[in-house]
Amino acid sequence: MHKEVKKSADAGDVKDLKYIFVDSLEVDPTFEEYLDDYNYCAGKNLFERHKDLTPFTDRKADWNYDYWEKIKSDLLKNFSRERLDHMRKVALVVNAEKVARLQKERQTAAQTVKAKIERPIIPPQPRHELPIKSKAQQQQEEIEAAKRKLAEENEKVERQQRKVEQERQENSRLKMEDDSSKKSSGIAPLIKVAAAGIAAAIIYSLLK
């Protein structure tokens, strides 16, 4: 039911209802959207006693635009149930093209709704999610990760220390060899001098 119709009907405002129902047959010549409004007003006895204005005709050949405008104007003068019922019949003929379009749109909408209702509902497939870890498990994993990182750092430090020790030993060995070489080079001249002295002594003793 339309809110403006209920508001006017509850207030007993027949003047507003006249304009609303005149426009309703232009908006929806099938009158399907206004049946609840019509019945609500009838239940409240808001329709006026019928007055003879433009004579009604049942000959559809006479149901043209001019006739339609006359009975629309008459509804504003006399809001009778008989006149509105007659207008509902005439509207289907005068606005036949719009009626056909509205009926087609509603049929399509109804078929769409029916298809959705009849469509089998496929339950969502369960997602394979990883099990939720407890806080204690998370803390244990963090501790293990920290231990692995510390072990890697220690191994790295030990490798550096071994390298430094190897370099120190190598330098020490090279220094010892260098010192030994220097000592050998210093003794050699002394041996030569001693040998020369011995030789000179031997020669002197022979000359005597």
# chains A, B, ... in the order shown; residues from 1 in each chain; ligands from 1
$ closest_atom_pairs --of "segment 74-123 of chain A" --to "segment 33-37 of chain A" --cutoff "12 Å" --atoms "only C-alpha atoms" --output "tab-separated table"
residue	atom	partner	partner_atom	distance
A:Leu84	CA	A:Leu35	CA	11.8
A:Asp85	CA	A:Leu35	CA	11.3
A:Arg88	CA	A:Leu35	CA	10.9
A:Leu102	CA	A:Glu33	CA	11.0
A:Gln103	CA	A:Glu33	CA	11.9
A:Arg106	CA	A:Glu33	CA	11.3
$ residues_around --residues "segment 55-71 of chain A" --least-positions-apart "2" --cutoff "12 Å" --atoms "only C-alpha atoms" --output "number ranges by chain"
A: 22-23, 25-26, 29, 50-53, 73-80, 82-96
$ write_last_selection --atoms "N, CA and C atoms" --output "short mmCIF file (atom, residue, chain, number, x, y, z; two decimals), in the first residue's frame"
data_model
loop_
_atom_site.label_atom_id
_atom_site.label_comp_id
_atom_site.auth_asym_id
_atom_site.auth_seq_id
_atom_site.Cartn_x
_atom_site.Cartn_y
_atom_site.Cartn_z
N VAL A 22 -6.66 9.39 -9.84
CA VAL A 22 -6.63 9.81 -11.25
C VAL A 22 -5.23 9.56 -11.83
N ASP A 23 -4.22 9.95 -11.07
CA ASP A 23 -2.84 9.74 -11.54
C ASP A 23 -2.46 8.27 -11.53
N LEU A 25 -4.06 5.66 -12.45
CA LEU A 25 -4.43 4.97 -13.69
C LEU A 25 -3.57 5.41 -14.87
N GLU A 26 -2.90 6.54 -14.74
CA GLU A 26 -1.93 6.94 -15.76
C GLU A 26 -0.60 6.22 -15.53
N PRO A 29 -1.97 1.59 -15.58
CA PRO A 29 -3.31 1.34 -16.10
C PRO A 29 -3.87 -0.04 -15.75
N HIS A 50 -22.56 8.16 -6.11
CA HIS A 50 -22.37 8.37 -7.54
C HIS A 50 -23.34 9.42 -8.09
N LYS A 51 -22.77 10.29 -8.95
CA LYS A 51 -23.57 11.31 -9.66
C LYS A 51 -23.41 11.08 -11.16
N ASP A 52 -24.48 11.28 -11.89
CA ASP A 52 -24.43 11.14 -13.34
C ASP A 52 -23.80 12.39 -13.94
N LEU A 53 -22.66 12.21 -14.55
CA LEU A 53 -21.99 13.32 -15.25
C LEU A 53 -21.85 12.92 -16.71
N SER A 73 -11.82 13.78 -15.59
CA SER A 73 -12.25 15.05 -15.02
C SER A 73 -13.46 14.86 -14.10
N ASP A 74 -14.33 13.93 -14.49
CA ASP A 74 -15.52 13.67 -13.69
C ASP A 74 -15.15 13.08 -12.32
N LEU A 75 -14.08 12.26 -12.26
CA LEU A 75 -13.69 11.66 -10.98
C LEU A 75 -13.25 12.72 -9.98
N LEU A 76 -12.69 13.83 -10.48
CA LEU A 76 -12.29 14.92 -9.59
C LEU A 76 -13.51 15.65 -9.04
N LYS A 77 -14.63 15.55 -9.75
CA LYS A 77 -15.86 16.19 -9.29
C LYS A 77 -16.67 15.26 -8.40
N ASN A 78 -16.60 13.96 -8.73
CA ASN A 78 -17.41 12.99 -7.99
C ASN A 78 -16.59 11.71 -7.83
N PHE A 79 -16.04 11.53 -6.62
CA PHE A 79 -15.17 10.39 -6.33
C PHE A 79 -16.04 9.17 -5.98
N SER A 80 -16.73 8.65 -6.98
CA SER A 80 -17.61 7.51 -6.75
C SER A 80 -16.90 6.21 -7.11
N GLU A 82 -18.29 3.63 -8.50
CA GLU A 82 -18.76 3.20 -9.83
C GLU A 82 -17.93 3.85 -10.94
N ARG A 83 -17.64 5.13 -10.78
CA ARG A 83 -16.86 5.83 -11.80
C ARG A 83 -15.42 5.30 -11.85
N LEU A 84 -14.82 5.04 -10.71
CA LEU A 84 -13.45 4.53 -10.69
C LEU A 84 -13.40 3.12 -11.27
N ASP A 85 -14.40 2.30 -10.99
CA ASP A 85 -14.43 0.94 -11.56
C ASP A 85 -14.54 1.00 -13.08
N HIS A 86 -15.34 1.93 -13.58
CA HIS A 86 -15.49 2.08 -15.04
C HIS A 86 -14.18 2.57 -15.66
N MET A 87 -13.52 3.48 -14.97
CA MET A 87 -12.26 4.02 -15.47
C MET A 87 -11.19 2.93 -15.54
N ARG A 88 -11.22 2.01 -14.63
CA ARG A 88 -10.25 0.91 -14.65
C ARG A 88 -10.39 0.09 -15.93
N LYS A 89 -11.60 -0.11 -16.39
CA LYS A 89 -11.84 -0.88 -17.62
C LYS A 89 -11.38 -0.08 -18.84
N VAL A 90 -11.70 1.22 -18.85
CA VAL A 90 -11.34 2.06 -20.00
C VAL A 90 -9.83 2.22 -20.11
N ALA A 91 -9.14 2.32 -18.96
CA ALA A 91 -7.69 2.52 -18.96
C ALA A 91 -6.97 1.37 -19.66
N LEU A 92 -7.51 0.15 -19.55
CA LEU A 92 -6.87 -1.01 -20.18
C LEU A 92 -6.91 -0.91 -21.70
N VAL A 93 -7.87 -0.19 -22.22
CA VAL A 93 -8.00 -0.04 -23.67
C VAL A 93 -7.25 1.19 -24.17
N VAL A 94 -7.45 2.31 -23.47
CA VAL A 94 -6.81 3.56 -23.90
C VAL A 94 -5.29 3.46 -23.79
N ASN A 95 -4.81 2.80 -22.76
CA ASN A 95 -3.35 2.65 -22.56
C ASN A 95 -2.90 1.21 -22.80
N ALA A 96 -3.42 0.61 -23.86
CA ALA A 96 -3.16 -0.81 -24.14
C ALA A 96 -1.67 -1.10 -24.30
#
$ select_by_dssp --residues "segment 11-189 of chain A" --states "helix (DSSP H, G or I)" --output "PyMOL selection string"
chain A and resi 11+14-27+32-43+60-62+65-77+81-94+96-118+135-189
$ atom_distance --atom1 "atom CA of Arg168 of chain A" --atom2 "atom CA of Lys156 of chain A"
18.6 Å
$ residues_around --residues "Lys44 of chain A" --least-positions-apart "2" --cutoff "10 Å" --atoms "only C-alpha atoms" --output "list in words"
Ala9, Asp10, Gly12, Asn39, Tyr40, Cys41, Ala42, Leu46 and Phe47 of chain A
$ write_last_selection --atoms "all heavy atoms" --output "PDB file, in the first residue's frame"
ATOM      1  N   ALA A   9      -6.199   8.732   3.439  1.00  0.00           N
ATOM      2  CA  ALA A   9      -7.388   7.972   3.835  1.00  0.00           C
ATOM      3  C   ALA A   9      -7.620   8.069   5.336  1.00  0.00           C
ATOM      4  O   ALA A   9      -8.754   8.238   5.793  1.00  0.00           O
ATOM      5  CB  ALA A   9      -7.228   6.523   3.409  1.00  0.00           C
ATOM      6  N   ASP A  10      -6.536   7.962   6.116  1.00  0.00           N
ATOM      7  CA  ASP A  10      -6.674   8.045   7.569  1.00  0.00           C
ATOM      8  C   ASP A  10      -7.137   9.432   8.004  1.00  0.00           C
ATOM      9  O   ASP A  10      -7.815   9.578   9.034  1.00  0.00           O
ATOM     10  CB  ASP A  10      -5.337   7.701   8.240  1.00  0.00           C
ATOM     11  CG  ASP A  10      -4.982   6.227   8.089  1.00  0.00           C
ATOM     12  OD1 ASP A  10      -5.877   5.428   7.752  1.00  0.00           O
ATOM     13  OD2 ASP A  10      -3.795   5.877   8.290  1.00  0.00           O
ATOM     14  N   GLY A  12      -9.097  11.232   6.135  1.00  0.00           N
ATOM     15  CA  GLY A  12     -10.396  11.496   5.497  1.00  0.00           C
ATOM     16  C   GLY A  12     -10.309  12.559   4.430  1.00  0.00           C
ATOM     17  O   GLY A  12     -11.316  13.224   4.109  1.00  0.00           O
ATOM     18  N   ASN A  39      -8.997  -0.987  -1.936  1.00  0.00           N
ATOM     19  CA  ASN A  39      -9.740  -1.734  -0.917  1.00  0.00           C
ATOM     20  C   ASN A  39      -9.694  -1.034   0.438  1.00  0.00           C
ATOM     21  O   ASN A  39     -10.660  -1.086   1.208  1.00  0.00           O
ATOM     22  CB  ASN A  39      -9.177  -3.151  -0.797  1.00  0.00           C
ATOM     23  CG  ASN A  39      -9.433  -3.980  -2.042  1.00  0.00           C
ATOM     24  OD1 ASN A  39     -10.446  -3.793  -2.733  1.00  0.00           O
ATOM     25  ND2 ASN A  39      -8.515  -4.886  -2.370  1.00  0.00           N
ATOM     26  N   TYR A  40      -8.580  -0.387   0.741  1.00  0.00           N
ATOM     27  CA  TYR A  40      -8.456   0.325   2.013  1.00  0.00           C
ATOM     28  C   TYR A  40      -9.446   1.487   2.072  1.00  0.00           C
ATOM     29  O   TYR A  40     -10.111   1.710   3.088  1.00  0.00           O
ATOM     30  CB  TYR A  40      -7.020   0.831   2.174  1.00  0.00           C
ATOM     31  CG  TYR A  40      -6.706   1.373   3.540  1.00  0.00           C
ATOM     32  CD1 TYR A  40      -6.498   0.519   4.621  1.00  0.00           C
ATOM     33  CD2 TYR A  40      -6.603   2.745   3.767  1.00  0.00           C
ATOM     34  CE1 TYR A  40      -6.205   1.013   5.892  1.00  0.00           C
ATOM     35  CE2 TYR A  40      -6.310   3.254   5.017  1.00  0.00           C
ATOM     36  CZ  TYR A  40      -6.104   2.382   6.079  1.00  0.00           C
ATOM     37  OH  TYR A  40      -5.823   2.888   7.340  1.00  0.00           O
ATOM     38  N   CYS A  41      -9.543   2.232   0.968  1.00  0.00           N
ATOM     39  CA  CYS A  41     -10.478   3.359   0.922  1.00  0.00           C
ATOM     40  C   CYS A  41     -11.928   2.872   0.957  1.00  0.00           C
ATOM     41  O   CYS A  41     -12.792   3.497   1.587  1.00  0.00           O
ATOM     42  CB  CYS A  41     -10.241   4.173  -0.348  1.00  0.00           C
ATOM     43  SG  CYS A  41      -8.664   5.063  -0.347  1.00  0.00           S
ATOM     44  N   ALA A  42     -12.193   1.759   0.285  1.00  0.00           N
ATOM     45  CA  ALA A  42     -13.547   1.199   0.293  1.00  0.00           C
ATOM     46  C   ALA A  42     -13.920   0.769   1.705  1.00  0.00           C
ATOM     47  O   ALA A  42     -15.069   0.945   2.142  1.00  0.00           O
ATOM     48  CB  ALA A  42     -13.636   0.025  -0.677  1.00  0.00           C
ATOM     49  N   LEU A  46     -14.862   5.835   1.977  1.00  0.00           N
ATOM     50  CA  LEU A  46     -14.436   7.166   1.538  1.00  0.00           C
ATOM     51  C   LEU A  46     -14.963   7.538   0.154  1.00  0.00           C
ATOM     52  O   LEU A  46     -14.812   8.685  -0.274  1.00  0.00           O
ATOM     53  CB  LEU A  46     -12.902   7.246   1.555  1.00  0.00           C
ATOM     54  CG  LEU A  46     -12.273   7.168   2.946  1.00  0.00           C
ATOM     55  CD1 LEU A  46     -10.764   7.066   2.844  1.00  0.00           C
ATOM     56  CD2 LEU A  46     -12.663   8.380   3.779  1.00  0.00           C
ATOM     57  N   PHE A  47     -15.526   6.596  -0.564  1.00  0.00           N
ATOM     58  CA  PHE A  47     -16.071   6.917  -1.881  1.00  0.00           C
ATOM     59  C   PHE A  47     -17.387   7.684  -1.723  1.00  0.00           C
ATOM     60  O   PHE A  47     -18.179   7.442  -0.797  1.00  0.00           O
ATOM     61  CB  PHE A  47     -16.306   5.641  -2.700  1.00  0.00           C
ATOM     62  CG  PHE A  47     -15.037   4.981  -3.163  1.00  0.00           C
ATOM     63  CD1 PHE A  47     -14.590   3.812  -2.568  1.00  0.00           C
ATOM     64  CD2 PHE A  47     -14.275   5.541  -4.179  1.00  0.00           C
ATOM     65  CE1 PHE A  47     -13.416   3.205  -2.983  1.00  0.00           C
ATOM     66  CE2 PHE A  47     -13.102   4.937  -4.592  1.00  0.00           C
ATOM     67  CZ  PHE A  47     -12.666   3.768  -4.000  1.00  0.00           C
TER      68      PHE A  47
END
$ decode --residues "segment 11-41 of chain A" --atoms "N, CA and C atoms" --output "PDB file, in the first residue's frame"
ATOM      1  N   ALA A  11      -6.756  10.438   7.200  1.00  0.00           N
ATOM      2  CA  ALA A  11      -7.167  11.809   7.528  1.00  0.00           C
ATOM      3  C   ALA A  11      -8.535  12.140   6.941  1.00  0.00           C
ATOM      4  N   GLY A  12      -9.097  11.232   6.135  1.00  0.00           N
ATOM      5  CA  GLY A  12     -10.396  11.496   5.497  1.00  0.00           C
ATOM      6  C   GLY A  12     -10.309  12.559   4.430  1.00  0.00           C
ATOM      7  N   ASP A  13      -9.112  12.741   3.842  1.00  0.00           N
ATOM      8  CA  ASP A  13      -8.904  13.780   2.832  1.00  0.00           C
ATOM      9  C   ASP A  13      -9.280  13.236   1.458  1.00  0.00           C
ATOM     10  N   VAL A  14     -10.544  13.319   1.098  1.00  0.00           N
ATOM     11  CA  VAL A  14     -11.041  12.781  -0.168  1.00  0.00           C
ATOM     12  C   VAL A  14     -10.489  13.564  -1.356  1.00  0.00           C
ATOM     13  N   LYS A  15     -10.263  14.862  -1.179  1.00  0.00           N
ATOM     14  CA  LYS A  15      -9.748  15.688  -2.270  1.00  0.00           C
ATOM     15  C   LYS A  15      -8.404  15.171  -2.766  1.00  0.00           C
ATOM     16  N   ASP A  16      -7.521  14.875  -1.815  1.00  0.00           N
ATOM     17  CA  ASP A  16      -6.217  14.329  -2.202  1.00  0.00           C
ATOM     18  C   ASP A  16      -6.371  12.958  -2.852  1.00  0.00           C
ATOM     19  N   LEU A  17      -7.273  12.140  -2.337  1.00  0.00           N
ATOM     20  CA  LEU A  17      -7.473  10.795  -2.893  1.00  0.00           C
ATOM     21  C   LEU A  17      -7.949  10.859  -4.339  1.00  0.00           C
ATOM     22  N   LYS A  18      -8.744  11.851  -4.684  1.00  0.00           N
ATOM     23  CA  LYS A  18      -9.214  12.002  -6.061  1.00  0.00           C
ATOM     24  C   LYS A  18      -8.033  12.149  -7.016  1.00  0.00           C
ATOM     25  N   TYR A  19      -7.114  13.041  -6.680  1.00  0.00           N
ATOM     26  CA  TYR A  19      -5.961  13.281  -7.544  1.00  0.00           C
ATOM     27  C   TYR A  19      -5.028  12.060  -7.586  1.00  0.00           C
ATOM     28  N   ILE A  20      -4.872  11.417  -6.430  1.00  0.00           N
ATOM     29  CA  ILE A  20      -3.996  10.243  -6.370  1.00  0.00           C
ATOM     30  C   ILE A  20      -4.511   9.142  -7.283  1.00  0.00           C
ATOM     31  N   PHE A  21      -5.812   8.867  -7.237  1.00  0.00           N
ATOM     32  CA  PHE A  21      -6.353   7.763  -8.036  1.00  0.00           C
ATOM     33  C   PHE A  21      -6.454   8.124  -9.517  1.00  0.00           C
ATOM     34  N   VAL A  22      -6.657   9.390  -9.838  1.00  0.00           N
ATOM     35  CA  VAL A  22      -6.626   9.807 -11.249  1.00  0.00           C
ATOM     36  C   VAL A  22      -5.233   9.555 -11.826  1.00  0.00           C
ATOM     37  N   ASP A  23      -4.215   9.952 -11.071  1.00  0.00           N
ATOM     38  CA  ASP A  23      -2.837   9.744 -11.538  1.00  0.00           C
ATOM     39  C   ASP A  23      -2.457   8.266 -11.533  1.00  0.00           C
ATOM     40  N   SER A  24      -3.026   7.506 -10.604  1.00  0.00           N
ATOM     41  CA  SER A  24      -2.663   6.088 -10.500  1.00  0.00           C
ATOM     42  C   SER A  24      -2.960   5.326 -11.781  1.00  0.00           C
ATOM     43  N   LEU A  25      -4.062   5.664 -12.451  1.00  0.00           N
ATOM     44  CA  LEU A  25      -4.431   4.968 -13.687  1.00  0.00           C
ATOM     45  C   LEU A  25      -3.567   5.409 -14.866  1.00  0.00           C
ATOM     46  N   GLU A  26      -2.900   6.537 -14.737  1.00  0.00           N
ATOM     47  CA  GLU A  26      -1.928   6.942 -15.758  1.00  0.00           C
ATOM     48  C   GLU A  26      -0.602   6.219 -15.530  1.00  0.00           C
ATOM     49  N   VAL A  27      -0.230   6.101 -14.258  1.00  0.00           N
ATOM     50  CA  VAL A  27       1.028   5.441 -13.915  1.00  0.00           C
ATOM     51  C   VAL A  27       0.931   3.939 -14.132  1.00  0.00           C
ATOM     52  N   ASP A  28      -0.165   3.347 -13.674  1.00  0.00           N
ATOM     53  CA  ASP A  28      -0.343   1.899 -13.784  1.00  0.00           C
ATOM     54  C   ASP A  28      -1.769   1.601 -14.257  1.00  0.00           C
ATOM     55  N   PRO A  29      -1.967   1.585 -15.584  1.00  0.00           N
ATOM     56  CA  PRO A  29      -3.311   1.336 -16.100  1.00  0.00           C
ATOM     57  C   PRO A  29      -3.866  -0.041 -15.748  1.00  0.00           C
ATOM     58  N   THR A  30      -2.985  -0.964 -15.353  1.00  0.00           N
ATOM     59  CA  THR A  30      -3.477  -2.277 -14.918  1.00  0.00           C
ATOM     60  C   THR A  30      -4.121  -2.185 -13.540  1.00  0.00           C
ATOM     61  N   PHE A  31      -3.752  -1.162 -12.779  1.00  0.00           N
ATOM     62  CA  PHE A  31      -4.252  -0.875 -11.428  1.00  0.00           C
ATOM     63  C   PHE A  31      -3.826  -1.936 -10.408  1.00  0.00           C
ATOM     64  N   GLU A  32      -2.916  -2.823 -10.814  1.00  0.00           N
ATOM     65  CA  GLU A  32      -2.484  -3.890  -9.904  1.00  0.00           C
ATOM     66  C   GLU A  32      -1.749  -3.330  -8.693  1.00  0.00           C
ATOM     67  N   GLU A  33      -1.013  -2.245  -8.885  1.00  0.00           N
ATOM     68  CA  GLU A  33      -0.231  -1.672  -7.803  1.00  0.00           C
ATOM     69  C   GLU A  33      -1.086  -0.863  -6.825  1.00  0.00           C
ATOM     70  N   TYR A  34      -2.359  -0.638  -7.173  1.00  0.00           N
ATOM     71  CA  TYR A  34      -3.201   0.205  -6.326  1.00  0.00           C
ATOM     72  C   TYR A  34      -4.430  -0.528  -5.779  1.00  0.00           C
ATOM     73  N   LEU A  35      -4.491  -1.834  -5.952  1.00  0.00           N
ATOM     74  CA  LEU A  35      -5.646  -2.583  -5.460  1.00  0.00           C
ATOM     75  C   LEU A  35      -5.763  -2.509  -3.940  1.00  0.00           C
ATOM     76  N   ASP A  36      -4.626  -2.603  -3.253  1.00  0.00           N
ATOM     77  CA  ASP A  36      -4.660  -2.512  -1.787  1.00  0.00           C
ATOM     78  C   ASP A  36      -5.161  -1.137  -1.348  1.00  0.00           C
ATOM     79  N   ASP A  37      -4.751  -0.084  -2.065  1.00  0.00           N
ATOM     80  CA  ASP A  37      -5.197   1.274  -1.741  1.00  0.00           C
ATOM     81  C   ASP A  37      -6.716   1.406  -1.968  1.00  0.00           C
ATOM     82  N   TYR A  38      -7.156   0.852  -3.078  1.00  0.00           N
ATOM     83  CA  TYR A  38      -8.582   0.884  -3.422  1.00  0.00           C
ATOM     84  C   TYR A  38      -9.411   0.203  -2.336  1.00  0.00           C
ATOM     85  N   ASN A  39      -8.997  -0.987  -1.936  1.00  0.00           N
ATOM     86  CA  ASN A  39      -9.740  -1.734  -0.917  1.00  0.00           C
ATOM     87  C   ASN A  39      -9.694  -1.034   0.438  1.00  0.00           C
ATOM     88  N   TYR A  40      -8.580  -0.387   0.741  1.00  0.00           N
ATOM     89  CA  TYR A  40      -8.456   0.325   2.013  1.00  0.00           C
ATOM     90  C   TYR A  40      -9.446   1.487   2.072  1.00  0.00           C
ATOM     91  N   CYS A  41      -9.543   2.232   0.968  1.00  0.00           N
ATOM     92  CA  CYS A  41     -10.478   3.359   0.922  1.00  0.00           C
ATOM     93  C   CYS A  41     -11.928   2.872   0.957  1.00  0.00           C
TER      94      CYS A  41
END
